[in-house]
$ cat run-v2.pdb   # PDB, C-alpha atoms
ATOM      1  CA  MET D 223      29.992 -31.085  20.837
ATOM      2  CA  ALA D 224      29.518 -32.421  24.385
ATOM      3  CA  THR D 225      28.570 -30.126  27.206
ATOM      4  CA  VAL D 226      30.572 -29.822  30.400
ATOM      5  CA  ALA D 227      27.830 -31.684  32.288
ATOM      6  CA  GLU D 228      28.010 -34.584  29.827
ATOM      7  CA  LEU D 229      31.799 -34.745  30.107
ATOM      8  CA  LYS D 230      31.533 -34.769  33.920
ATOM      9  CA  ALA D 231      29.001 -37.605  33.768
ATOM     10  CA  VAL D 232      31.210 -39.700  31.461
ATOM     11  CA  LEU D 233      34.270 -39.059  33.622
ATOM     12  CA  ARG D 234      32.388 -39.998  36.795
ATOM     13  CA  ASP D 235      31.037 -43.213  35.217
ATOM     14  CA  THR D 236      34.504 -44.175  33.999
ATOM     15  CA  LEU D 237      36.081 -43.591  37.411
ATOM     16  CA  GLU D 238      33.307 -45.559  39.117
ATOM     17  CA  LYS D 239      33.682 -48.515  36.729
ATOM     18  CA  LYS D 240      37.441 -48.634  37.321
ATOM     19  CA  GLY D 241      36.955 -48.465  41.100
ATOM     20  CA  VAL D 242      39.019 -45.313  41.344
ATOM     21  CA  LEU D 243      36.195 -43.128  42.640
ATOM     22  CA  GLY D 244      35.397 -45.447  45.544
ATOM     23  CA  HIS D 245      39.074 -45.688  46.462
ATOM     24  CA  LEU D 246      39.421 -41.901  46.416
ATOM     25  CA  LYS D 247      36.336 -41.475  48.606
ATOM     26  CA  ALA D 248      37.678 -44.002  51.119
ATOM     27  CA  ARG D 249      41.082 -42.320  51.141
ATOM     28  CA  ILE D 250      39.512 -38.891  51.679
ATOM     29  CA  ARG D 251      37.430 -40.280  54.571
ATOM     30  CA  ALA D 252      40.538 -41.788  56.146
ATOM     31  CA  GLU D 253      42.474 -38.526  55.803
ATOM     32  CA  VAL D 254      39.587 -36.535  57.319
ATOM     33  CA  PHE D 255      39.523 -38.880  60.317
ATOM     34  CA  ASN D 256      43.320 -38.627  60.632
ATOM     35  CA  ALA D 257      43.080 -34.844  60.597
ATOM     36  CA  LEU D 258      40.381 -34.894  63.270
ATOM     37  CA  ASP D 259      42.270 -37.399  65.423
ATOM     38  CA  ASP D 260      43.559 -35.736  68.568
ATOM     39  CA  ASP D 261      47.263 -36.596  68.825
ATOM     40  CA  ARG D 262      47.465 -35.032  72.272
ATOM     41  CA  GLU D 263      45.410 -37.882  73.726
ATOM     42  CA  PRO D 264      47.459 -41.057  73.356
ATOM     43  CA  ARG D 265      45.733 -44.220  72.252
ATOM     44  CA  PRO D 266      45.771 -47.208  74.576
ATOM     45  CA  ALA D 267      48.422 -49.823  73.943
ATOM     46  CA  LEU D 268      47.372 -52.372  71.358
ATOM     47  CA  SER D 269      47.358 -55.817  72.966
ATOM     48  CA  HIS D 270      48.286 -58.899  71.007
ATOM     49  CA  GLU D 271      44.657 -60.054  71.164
ATOM     50  CA  ASN D 272      43.389 -56.766  69.709
ATOM     51  CA  LEU D 273      46.045 -56.926  67.013
ATOM     52  CA  LEU D 274      44.737 -60.353  66.030
ATOM     53  CA  ILE D 275      41.135 -59.116  66.055
ATOM     54  CA  ASN D 276      42.076 -56.188  63.813
ATOM     55  CA  GLU D 277      43.879 -58.541  61.459
ATOM     56  CA  LEU D 278      40.883 -60.890  61.292
ATOM     57  CA  ILE D 279      38.592 -57.969  60.489
ATOM     58  CA  ARG D 280      40.988 -56.782  57.769
ATOM     59  CA  GLU D 281      41.173 -60.295  56.281
ATOM     60  CA  TYR D 282      37.369 -60.553  56.310
ATOM     61  CA  LEU D 283      37.012 -57.200  54.557
ATOM     62  CA  GLU D 284      39.578 -58.052  51.909
ATOM     63  CA  PHE D 285      38.194 -61.570  51.354
ATOM     64  CA  ASN D 286      34.726 -60.129  50.712
ATOM     65  CA  LYS D 287      36.139 -57.415  48.428
ATOM     66  CA  TYR D 288      35.326 -54.545  50.814
ATOM     67  CA  LYS D 289      38.564 -52.937  49.776
ATOM     68  CA  TYR D 290      37.513 -49.366  50.486
ATOM     69  CA  THR D 291      36.420 -50.183  54.022
ATOM     70  CA  ALA D 292      39.641 -52.147  54.507
ATOM     71  CA  SER D 293      41.679 -49.155  53.343
ATOM     72  CA  VAL D 294      40.021 -46.982  56.001
ATOM     73  CA  LEU D 295      40.789 -49.618  58.649
ATOM     74  CA  MET D 296      44.404 -49.781  57.503
ATOM     75  CA  ALA D 297      44.724 -46.009  57.656
ATOM     76  CA  ASP D 298      43.342 -46.001  61.203
ATOM     77  CA  ASP D 299      45.337 -49.037  62.344
ATOM     78  CA  HIS D 300      48.581 -47.078  62.665
ATOM     79  CA  LEU D 301      50.038 -48.962  65.615
ATOM     80  CA  ARG D 302      50.377 -52.217  63.704
ATOM     81  CA  LYS D 303      52.166 -50.470  60.875
ATOM     82  CA  GLU D 304      54.482 -48.572  63.232
ATOM     83  CA  ARG D 305      55.514 -51.732  65.074
ATOM     84  CA  GLY D 306      55.827 -53.713  61.871
ATOM     85  CA  LYS D 307      53.599 -56.400  63.350
ATOM     86  CA  SER D 308      51.414 -58.662  61.362
ATOM     87  CA  ALA D 309      49.367 -61.662  62.260
ATOM     88  CA  ASP D 310      49.653 -64.896  60.381
ATOM     89  CA  ALA D 311      47.753 -68.175  60.432
ATOM     90  CA  GLU D 312      49.990 -69.506  63.195
ATOM     91  CA  ASP D 313      49.256 -66.501  65.444
ATOM     92  CA  LEU D 314      45.551 -66.835  64.777
ATOM     93  CA  ARG D 315      45.619 -70.618  65.219
ATOM     94  CA  VAL D 316      43.564 -71.099  62.064
ATOM     95  CA  SER D 317      44.150 -73.132  58.954
ATOM     96  CA  PRO D 318      45.407 -71.217  55.909
ATOM     97  CA  ALA D 319      43.347 -73.571  53.718
ATOM     98  CA  VAL D 320      40.833 -70.934  52.616
ATOM     99  CA  LYS D 321      41.358 -70.269  48.922
ATOM    100  CA  ARG D 322      40.971 -66.770  47.577
TER     101      ARG D 322
END
$ encode --input "run-v2.pdb" --output "structure tokens"
Amino acid sequence: MATVAELKAVLRDTLEKKGVLGHLKARIRAEVFNALDDDREPRPALSHENLLINELIREYLEFNKYKYTASVLMADDHLRKERGKSADAEDLRVSPAVKR
């Protein structure tokens, strides 16, 4: 019969292999930062240029499979989600020819 420690180790390995553990850690980090964020101090308005920069960073992270880091950025990038804005290749003035 397996010990509790052995079962924990197998469970942890399984969650790591599936990518679930990393996603959960990133989500917890994002929620901690959201909880610590002071809502009383308003954030500066997000300019169109900064929106594009944020979108380029997100694209870079996702292209390079930094999905956990990208999920933290998305959780922190609340203004874009609230406004329903998104940047596309035309906004960025780049060619959409990069294949994923």
$ atom_distance --input "run-v2.pdb" --atom1 "CA of Tyr290 (chain D)" --atom2 "CA of Ala252 (chain D)"
9.9 Å
$ closest_residue --input "run-v2.pdb" --among "D:Met296, D:Glu263, D:His270, D:Phe255" --to "Leu283 (chain D)" --atoms "only C-alpha atoms"
D:Met296
$ resolve_selection --input "run-v2.pdb" --expression "the PyMOL selection byres ((chain D and resi 241-248) around 7)" --output "list in words"
Leu237, Glu238, Lys239, Lys240, Arg249, Ile250, Arg251, Ala252, Tyr290, Thr291, Ser293 and Val294 of chain D
$ atom_distance --input "run-v2.pdb" --atom1 "CA of Asp259 (chain D)" --atom2 "CA of Leu278 (chain D)"
23.9 Å
